[in-house]
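Student: Below are the structure tokens for one structure; questions will follow.
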Amino acid sequence: MISSWVARFATALPAGPVLDVACGSGRHLRHFRALGHPVVGVDRDLGRVADLAGADGVELVPADLEGGAPWPLGDRRFAGVVVTNYLWRPLFPALVAAVGAGGWLLYQTFAQGQERLGRPRNPDHLLAPGELLGVVQDQLTVVAYEHGRVETPAPAVIQRIAAVRESGTNMPVMFVL
Ligand SMILES: C[S@@+](CC[C@H](N)C(=O)[O-])C[C@H]1O[C@@H](n2cnc3c(N)ncnc32)[C@H](O)[C@@H]1O
């Protein structure tokens, strides 16, 4: 099942490639592919997307994103950059830079308060209140932001943001119901 946050904004993305960072099973990558986007998945373990290797419009990039190697996508820009249930703060500048003109950053992961409910409990893996707002500040336009407890699919404290790089020529869809 895909994140309801990703589902909410998925159809607002312009045409073009979508990057799923730390894609895991590729649940979001598969969703955007079904919507007609070329997709790029990055993960240190691509085993759970092995069925997509060589498929039309799918690029799988094996990379350890935390090992200090250069950002594996270089200066490529995307219609969407999606990150869910993954946090490695040194990537923040590269993630924002990878959002192309008119493109979106959709980010959702665990946040402070989660440690009282279950894993992850390590503060390195929990966003501070407002942290994602700071990440996009002065670079992307925030369309939606939340930090709080959700009950489904399991009780958790999460933070999530949907932010767009305004292109100057096209007014992005700013409200998605
Ligand atoms: C909790 S899973 C989330 C997967 C996917 N984003 C989702 O929400 O379904 C975290 C993912 O991060 C990947 N990951 C963890 N450390 C990584 C690293 N150093 N470099 C690249 N990927 C990493 C794992 O392989 C795993 O697929």
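Just so we're on the same page: first chain in the structure tokens is A, next is B, and so on; residues restart at 1 for each chain, and ligands are numbered from 1 in the order they show up.
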Within 7 Å of ligand 1 (counting only C-alpha atoms and all ligand atoms), which residues show up? I'd like them as a PyMOL selection string.
Tutor: chain A and resi 21-27+42-45+63-67+83-86
Student: Report, in Å with one decimal, the straight-line distance from atom CA of Val40 of chain A to atom CA of Val58 of chain A.
Tutor: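 So the answer is 5.9 Å.
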Student: So that I can see what lies close to segment 126-134 of chain A, please list as a list of chain:residue names the residues with an atom at most 7 Å from it, counting only C-alpha atoms and leaving out residues fewer than 3 positions away in the same chain.
Tutor: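 The contact residues come out as A:Phe110, A:Ala111, A:Gln112, A:Asn122, A:Pro123, A:Gln137, A:His147, A:Gln159, A:Ile161.
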Student: Pick out each residue of chain A that DSSP on the backbone tags as helix (DSSP H, G or I); I need them as a ChimeraX atom specification.
Tutor: /A:4-10,27-34,47-52,89-97,114-116,123-125,131-136
Student: Can you list every residue in segment 75-156 of chain A that DSSP puts in strand (DSSP E or B), as a PyMOL selection string?
Tutor: chain A and resi 78-84+99-111+127+141-150+156
Student: Which neighbours of Leu106 of chain A fall inside 7 Å, counting only C-alpha atoms, when residues of the same chain fewer than 4 positions from it are skipped, and could you give them as a ChimeraX atom specification?
Tutor: /A:6,81-83,161-163
Student: Pick from A:Pro90, A:Gly36, A:Pro120, A:Gly41: nearest to Pro70 of chain A, with only C-alpha atoms counted?
Tutor: A:Pro90
Student: Report as a PyMOL selection string all protein, DNA and RNA residues lying within 10 Å of Asp56 of chain A, evaluated on only C-alpha atoms, omitting residues in the same chain fewer than 5 positions from it.
Tutor: chain A and resi 33+38-39
